[in-house]
Structure formats: structure tokens, C-alpha cells
Amino acid sequence: MRLGVMIGAERGDMARKVKKLLEDIEWAESAGMDTAWMPQVPNDFDCLTMVALMGSRTSRIELGTAVVPLQAQHPIALARQALSVHAGTGGRLALGVGPSHHWIVRDMLGIPYEKPAAYTRDYLEVLNAAIAGPGDVDVENDNFTVHNPTVLAADPPMPVLVSALGPVMLQIAGEHADGTVLWMADEKAIGEHIAPKINKAAAEADRPSPRIVAGIPVCLCANSEIDAAKERANRILAEAETSPNYQRLLDRGDARDVGDLTAAGDSEQILHRFKMFADAGVTDLSVRLLPIGENRDELIASKYRTREVIAELAKAVR
């Protein structure tokens, strides 16, 4: 299992956020992390643009998006942008995409959120044809009629991962993508629901074994602070639980909220949790650092302690 970190979506003014993002990605590469994942937060930076910027400060680490909402742009436009970033980063982009949620697409963007799975399938048909170029992209389906030439191609191949949570989306991801990017999925949900379905779909489509990228919060703390760490996770990350998609995924596992999903405790407890995810079928773990403390200085110190431990644990789970 490969170990990566989530980077981005931090508070602060724009200049400070960019400076921190670059510092974080430089640390991730120097610490030997395998991947770094940039979420696309509705009210924050464009994640593909930030990935391109991160690529200018690194040379080895894989850079992923987790995830780009599909409805916000035409698949040809996304393919063009992603291939540009892929080329600019020396072929290190992992393009995570997904149909997002009704409260983003419909309520924020004012775009219809109907039949998101069917839309994703049709979108991927165009996207995959566009990144497989050069040549003519000729695709006609229920959502798109595209006849678009391109001189671009993904070289080396660029993995496309889909945020697939339910059975239909997992079927689509297995058949038409290189894997899935997850949030709010615990070990049981992955081992009994996610992994079997996406692996079966990929095998039946004669595709390689898919990547399963699981995002989890991690808090290095004393055993006496574990409950406080879970409460902090629920306080600052709980908005994700308002989504019916995430609620249905929680119902498939043992975790009832993002606090339960958090790997909290000393290094041995965190490593044990990591290994449970690996045993469940996770190929890539994306860590969301969750510092703990009573004030800014304590939070910063907690963040750096957690970083050191995560860098060591990366070696143990490979």
C-alpha cells in the first residue's frame, strides 16, 4: 500500500495559502510520501491549477486531484486542462473526478443533478477518448455529441480515478476508469463493499486491477486524547456527513461519523489502522493530518510531530 497526504484547503489569505501549499508539498516529497492529493473545495482554489504549481516544486511525487466535479466543465475542456498539467508535471498527474453532490452541483452551481451515474459514464466515454489521443474524438451518447480533433495524448498514461461509492458507480469505475478515490469509507465498507465490486467490474471488463484510494484523518496523540481527537474531527470535518452519498457509505461500515474514521493514538495504533485498510484492499492511503492542541503553537507542534511519524510509517506499509 502506498501512503500519501492531502494538501490544500487551508485557511488564510491567498498569498499565505499558496506559500503553505508549496511548503507542504516540498515536505511531502522530501519525506518520501508516494502521493499528494488536492481536494477541490467549492469555495477554494482550482485544484488542477494548484497541482501544476506543486509540480513546479517537486520532481518525483505523484500529484492527484480528489476530486474534480464533472458537471462544472465539458469533458474536452477537462481533458485539455488535465493533459496540460500532466505534461507540465512530467507525467505525474492522477486525475480524480466525480459527480460530486447535489448540494454542490444543484444548490451552489445551479446545474441539474439528475442521473449522476449515467452522466459520469457518458462523461468518461468522452474523457477517455480525449486523453487517448492524438486523433479525432468522436463520441455520441445520451449526454454528449462530440466531434473534436486533438493533438494531445497522455504520455506516460494518466490514471483516471472516479469517486465511486455506490454499486452502480463502482461498476462504472471498474469498467471505465483506473480506480476510485474515497472519503468516509472505513475498513469494513471497503473490504465488503468497495473492493469486491470494483475489482469484479474491472476483471469482467478485462482491465487491470483498480486502485482504491482511501482518505482518512490521522491524529497522533496520547491515548487519553483519542476521544478529543475524534471530537475535533467531527467538529471540523463533519460537513461531509450531510451528504446522502456519504451516509449510505457509512451504513455499509462500522464508522458512524468522521471521528470513527479517524486513525488516532500513538504510532503503533495508527500503523495498526493503516494495516487494516491495506488488508481491506486499499492500494493507496491519503492522510488528512489532524493536529490537536489548545492553541496555535500546540496545533503547529502537533502537526510536525504527526508528519514525522507518518513519514516513518510510510516505510512500514509499503
# chains A, B, ... in the order shown; residues from 1 in each chain; ligands from 1
>>> select_by_dssp(residues="stretch 92-253 of chain A", states="alpha helix (DSSP H)", output="PyMOL selection string")
chain A and resi 102-105+116-131+167-176+187-189+195-204+226-237+244-251
>>> closest_atom_pairs(of="stretch 172-256 of chain A", to="stretch 272-290 of chain A", cutoff="12 Å", atoms="only C-alpha atoms", output="CSV")
residue,atom,partner,partner_atom,distance
A:Asp178,CA,A:Thr283,CA,11.9
A:Gly179,CA,A:Thr283,CA,9.7
A:Thr180,CA,A:Val282,CA,10.1
A:Val181,CA,A:Asp284,CA,9.1
A:Leu182,CA,A:Ser286,CA,9.2
A:Trp183,CA,A:Ser286,CA,9.4
A:Met184,CA,A:Ser286,CA,11.9
A:Ala185,CA,A:Phe277,CA,9.9
A:Asp186,CA,A:Phe277,CA,7.7
A:Glu187,CA,A:Phe277,CA,5.3
A:Lys188,CA,A:Ala280,CA,7.2
A:Ala189,CA,A:Ala280,CA,8.7
A:Ile190,CA,A:Ala280,CA,6.0
A:Gly191,CA,A:Ala280,CA,4.2
A:Glu192,CA,A:Ala280,CA,8.0
A:His193,CA,A:Ala280,CA,9.9
A:Ile194,CA,A:Gly281,CA,8.7
A:Ala195,CA,A:Gly281,CA,6.0
A:Pro196,CA,A:Gly281,CA,8.7
A:Lys197,CA,A:Gly281,CA,11.5
A:Ile198,CA,A:Gly281,CA,10.7
A:Asn199,CA,A:Gly281,CA,9.7
A:Ser209,CA,A:Thr283,CA,10.0
A:Pro210,CA,A:Thr283,CA,8.6
A:Arg211,CA,A:Thr283,CA,5.7
A:Ile212,CA,A:Val282,CA,5.1
A:Val213,CA,A:Asp284,CA,4.6
A:Ala214,CA,A:Leu285,CA,5.0
A:Gly215,CA,A:Ser286,CA,4.5
A:Ile216,CA,A:Val287,CA,5.4
A:Pro217,CA,A:Arg288,CA,4.4
A:Val218,CA,A:Leu289,CA,5.2
A:Cys219,CA,A:Leu290,CA,4.9
A:Leu220,CA,A:Leu290,CA,8.0
A:Cys221,CA,A:Leu290,CA,10.0
A:Ile226,CA,A:Leu290,CA,11.7
A:Ala228,CA,A:Leu290,CA,11.3
A:Ala229,CA,A:Leu290,CA,7.9
A:Lys230,CA,A:Leu290,CA,9.6
A:Glu231,CA,A:Leu290,CA,11.2
A:Arg232,CA,A:Leu290,CA,8.3
A:Ala233,CA,A:Leu290,CA,7.3
A:Asn234,CA,A:Leu290,CA,11.0
A:Arg235,CA,A:Leu290,CA,11.5
A:Ile236,CA,A:Leu290,CA,9.6
A:Leu237,CA,A:Leu290,CA,10.0
A:Gly253,CA,A:Ala280,CA,11.8
>>> atom_distance(atom1="atom CA of A:Thr262", atom2="atom CA of A:Val41")
20.2 Å
>>> closest_residue(among="A:Ala164, A:Met54, A:Val139, A:Ala77", to="A:His101", atoms="only C-alpha atoms")
A:Ala164
>>> closest_residue(among="A:Ser267, A:Thr58, A:Gln81, A:Ser224", to="A:Ala314", atoms="only C-alpha atoms")
A:Ser267
>>> atom_distance(atom1="atom CA of A:Ala132", atom2="atom CA of A:Val146")
14.8 Å
>>> residues_around(residues="A:Ala72", least_positions_apart="2", cutoff="12 Å", atoms="only C-alpha atoms", output="NGL selection string")
:A and (40 or 42 or 46 or 67-70 or 74-78 or 97-100 or 104-106 or 108-113 or 123)
>>> write_last_selection(atoms="N, CA and C atoms", output="mmCIF file, in the first residue's frame")
data_model
loop_
_atom_site.group_PDB
_atom_site.id
_atom_site.type_symbol
_atom_site.label_atom_id
_atom_site.label_comp_id
_atom_site.auth_asym_id
_atom_site.auth_seq_id
_atom_site.Cartn_x
_atom_site.Cartn_y
_atom_site.Cartn_z
ATOM 1 N N GLN A 40 -10.870 19.347 -4.258
ATOM 2 C CA GLN A 40 -11.495 20.502 -4.882
ATOM 3 C C GLN A 40 -12.626 20.970 -3.974
ATOM 4 N N PRO A 42 -15.433 23.650 -2.855
ATOM 5 C CA PRO A 42 -16.241 24.562 -3.677
ATOM 6 C C PRO A 42 -15.835 26.028 -3.618
ATOM 7 N N ASP A 46 -8.677 26.393 -7.559
ATOM 8 C CA ASP A 46 -8.828 25.344 -8.549
ATOM 9 C C ASP A 46 -7.735 24.310 -8.322
ATOM 10 N N VAL A 67 -11.779 15.487 -5.491
ATOM 11 C CA VAL A 67 -11.820 15.194 -6.919
ATOM 12 C C VAL A 67 -12.375 16.407 -7.654
ATOM 13 N N VAL A 68 -12.183 16.405 -9.003
ATOM 14 C CA VAL A 68 -12.736 17.458 -9.859
ATOM 15 C C VAL A 68 -14.193 17.133 -10.176
ATOM 16 N N PRO A 69 -15.152 18.010 -9.822
ATOM 17 C CA PRO A 69 -16.552 17.757 -10.164
ATOM 18 C C PRO A 69 -16.760 17.783 -11.680
ATOM 19 N N LEU A 70 -17.405 16.782 -12.211
ATOM 20 C CA LEU A 70 -17.545 16.650 -13.656
ATOM 21 C C LEU A 70 -18.475 17.692 -14.265
ATOM 22 N N HIS A 74 -16.974 20.925 -19.581
ATOM 23 C CA HIS A 74 -17.106 19.939 -20.647
ATOM 24 C C HIS A 74 -15.929 18.959 -20.582
ATOM 25 N N PRO A 75 -16.141 17.686 -20.910
ATOM 26 C CA PRO A 75 -15.044 16.715 -20.837
ATOM 27 C C PRO A 75 -13.860 17.042 -21.743
ATOM 28 N N ILE A 76 -14.102 17.681 -22.873
ATOM 29 C CA ILE A 76 -12.967 18.075 -23.719
ATOM 30 C C ILE A 76 -12.137 19.142 -23.018
ATOM 31 N N ALA A 77 -12.812 20.086 -22.357
ATOM 32 C CA ALA A 77 -12.085 21.125 -21.631
ATOM 33 C C ALA A 77 -11.301 20.535 -20.464
ATOM 34 N N LEU A 78 -11.901 19.582 -19.751
ATOM 35 C CA LEU A 78 -11.188 18.950 -18.639
ATOM 36 C C LEU A 78 -10.009 18.139 -19.151
ATOM 37 N N VAL A 97 -11.821 12.341 -10.482
ATOM 38 C CA VAL A 97 -13.024 13.054 -10.906
ATOM 39 C C VAL A 97 -14.241 12.413 -10.240
ATOM 40 N N GLY A 98 -15.367 13.116 -10.300
ATOM 41 C CA GLY A 98 -16.576 12.526 -9.754
ATOM 42 C C GLY A 98 -17.793 13.387 -9.991
ATOM 43 N N PRO A 99 -18.983 12.823 -9.784
ATOM 44 C CA PRO A 99 -20.217 13.564 -9.986
ATOM 45 C C PRO A 99 -20.582 14.485 -8.842
ATOM 46 N N SER A 100 -19.741 14.559 -7.814
ATOM 47 C CA SER A 100 -19.940 15.473 -6.692
ATOM 48 C C SER A 100 -21.245 15.168 -5.958
ATOM 49 N N ILE A 104 -23.673 20.719 -3.968
ATOM 50 C CA ILE A 104 -22.678 21.493 -4.706
ATOM 51 C C ILE A 104 -23.175 21.783 -6.122
ATOM 52 N N VAL A 105 -23.554 20.736 -6.835
ATOM 53 C CA VAL A 105 -23.910 20.885 -8.245
ATOM 54 C C VAL A 105 -25.223 21.644 -8.410
ATOM 55 N N ARG A 106 -26.251 21.190 -7.715
ATOM 56 C CA ARG A 106 -27.563 21.814 -7.886
ATOM 57 C C ARG A 106 -27.708 23.098 -7.080
ATOM 58 N N MET A 108 -25.368 24.990 -5.300
ATOM 59 C CA MET A 108 -24.363 26.037 -5.442
ATOM 60 C C MET A 108 -24.208 26.510 -6.886
ATOM 61 N N LEU A 109 -24.119 25.542 -7.824
ATOM 62 C CA LEU A 109 -23.830 25.894 -9.213
ATOM 63 C C LEU A 109 -25.086 26.095 -10.058
ATOM 64 N N GLY A 110 -26.214 25.624 -9.561
ATOM 65 C CA GLY A 110 -27.439 25.783 -10.326
ATOM 66 C C GLY A 110 -27.514 24.894 -11.550
ATOM 67 N N ILE A 111 -26.813 23.766 -11.509
ATOM 68 C CA ILE A 111 -26.790 22.806 -12.614
ATOM 69 C C ILE A 111 -27.631 21.598 -12.224
ATOM 70 N N PRO A 112 -28.420 21.047 -13.129
ATOM 71 C CA PRO A 112 -29.243 19.879 -12.776
ATOM 72 C C PRO A 112 -28.383 18.720 -12.263
ATOM 73 N N TYR A 113 -28.893 18.049 -11.252
ATOM 74 C CA TYR A 113 -28.201 16.892 -10.681
ATOM 75 C C TYR A 113 -29.111 15.677 -10.838
ATOM 76 N N TYR A 123 -19.704 10.880 -19.584
ATOM 77 C CA TYR A 123 -18.581 11.815 -19.483
ATOM 78 C C TYR A 123 -17.258 11.076 -19.665
#
>>> closest_residue(among="A:Ala311, A:Val162, A:Ala238, A:Leu250", to="A:Leu271", atoms="only C-alpha atoms")
A:Ala311
>>> atom_distance(atom1="atom CA of A:Pro39", atom2="atom CA of A:Asp13")
17.9 Å
>>> closest_residue(among="A:Val5, A:Leu313, A:Leu249, A:Ala118", to="A:Ala66", atoms="only C-alpha atoms")
A:Val5
>>> residues_around(residues="A:Ala36", least_positions_apart="6", cutoff="8 Å", atoms="only C-alpha atoms", output="PyMOL selection string")
chain A and resi 4-7+25+28+61-64+286
>>> select_by_dssp(residues="stretch 84-124 of chain A", states="strand (DSSP E)", output="PyMOL selection string")
chain A and resi 93-98
>>> write_last_selection(atoms="N, CA, C and O atoms", output="PDB file, in the first residue's frame")
ATOM      1  N   LEU A  93       0.448  13.331 -12.940  1.00  0.00           N
ATOM      2  CA  LEU A  93      -0.917  13.622 -12.509  1.00  0.00           C
ATOM      3  C   LEU A  93      -1.752  12.352 -12.435  1.00  0.00           C
ATOM      4  O   LEU A  93      -1.743  11.528 -13.349  1.00  0.00           O
ATOM      5  N   ALA A  94      -2.477  12.200 -11.329  1.00  0.00           N
ATOM      6  CA  ALA A  94      -3.550  11.207 -11.207  1.00  0.00           C
ATOM      7  C   ALA A  94      -4.844  12.008 -11.140  1.00  0.00           C
ATOM      8  O   ALA A  94      -5.090  12.731 -10.166  1.00  0.00           O
ATOM      9  N   LEU A  95      -5.649  11.897 -12.175  1.00  0.00           N
ATOM     10  CA  LEU A  95      -6.843  12.724 -12.290  1.00  0.00           C
ATOM     11  C   LEU A  95      -8.017  12.054 -11.590  1.00  0.00           C
ATOM     12  O   LEU A  95      -8.593  11.089 -12.080  1.00  0.00           O
ATOM     13  N   GLY A  96      -8.359  12.582 -10.423  1.00  0.00           N
ATOM     14  CA  GLY A  96      -9.533  12.124  -9.705  1.00  0.00           C
ATOM     15  C   GLY A  96     -10.728  12.984 -10.070  1.00  0.00           C
ATOM     16  O   GLY A  96     -10.654  14.209  -9.999  1.00  0.00           O
ATOM     17  N   VAL A  97     -11.821  12.341 -10.482  1.00  0.00           N
ATOM     18  CA  VAL A  97     -13.024  13.054 -10.906  1.00  0.00           C
ATOM     19  C   VAL A  97     -14.241  12.413 -10.240  1.00  0.00           C
ATOM     20  O   VAL A  97     -14.166  11.302  -9.703  1.00  0.00           O
ATOM     21  N   GLY A  98     -15.367  13.116 -10.300  1.00  0.00           N
ATOM     22  CA  GLY A  98     -16.576  12.526  -9.754  1.00  0.00           C
ATOM     23  C   GLY A  98     -17.793  13.387  -9.991  1.00  0.00           C
ATOM     24  O   GLY A  98     -17.678  14.566 -10.355  1.00  0.00           O
TER      25      GLY A  98
END
>>> residues_around(residues="A:Gly133", least_positions_apart="2", cutoff="7 Å", atoms="only C-alpha atoms", output="PyMOL selection string")
chain A and resi 129-131+135+150-153
>>> closest_residue(among="A:Met169, A:Arg16, A:Asn148, A:Leu83", to="A:Lys115", atoms="only C-alpha atoms")
A:Met169
>>> closest_residue(among="A:Ala82, A:Val317, A:Ala15, A:Ala177", to="A:Asn128", atoms="only C-alpha atoms")
A:Ala177
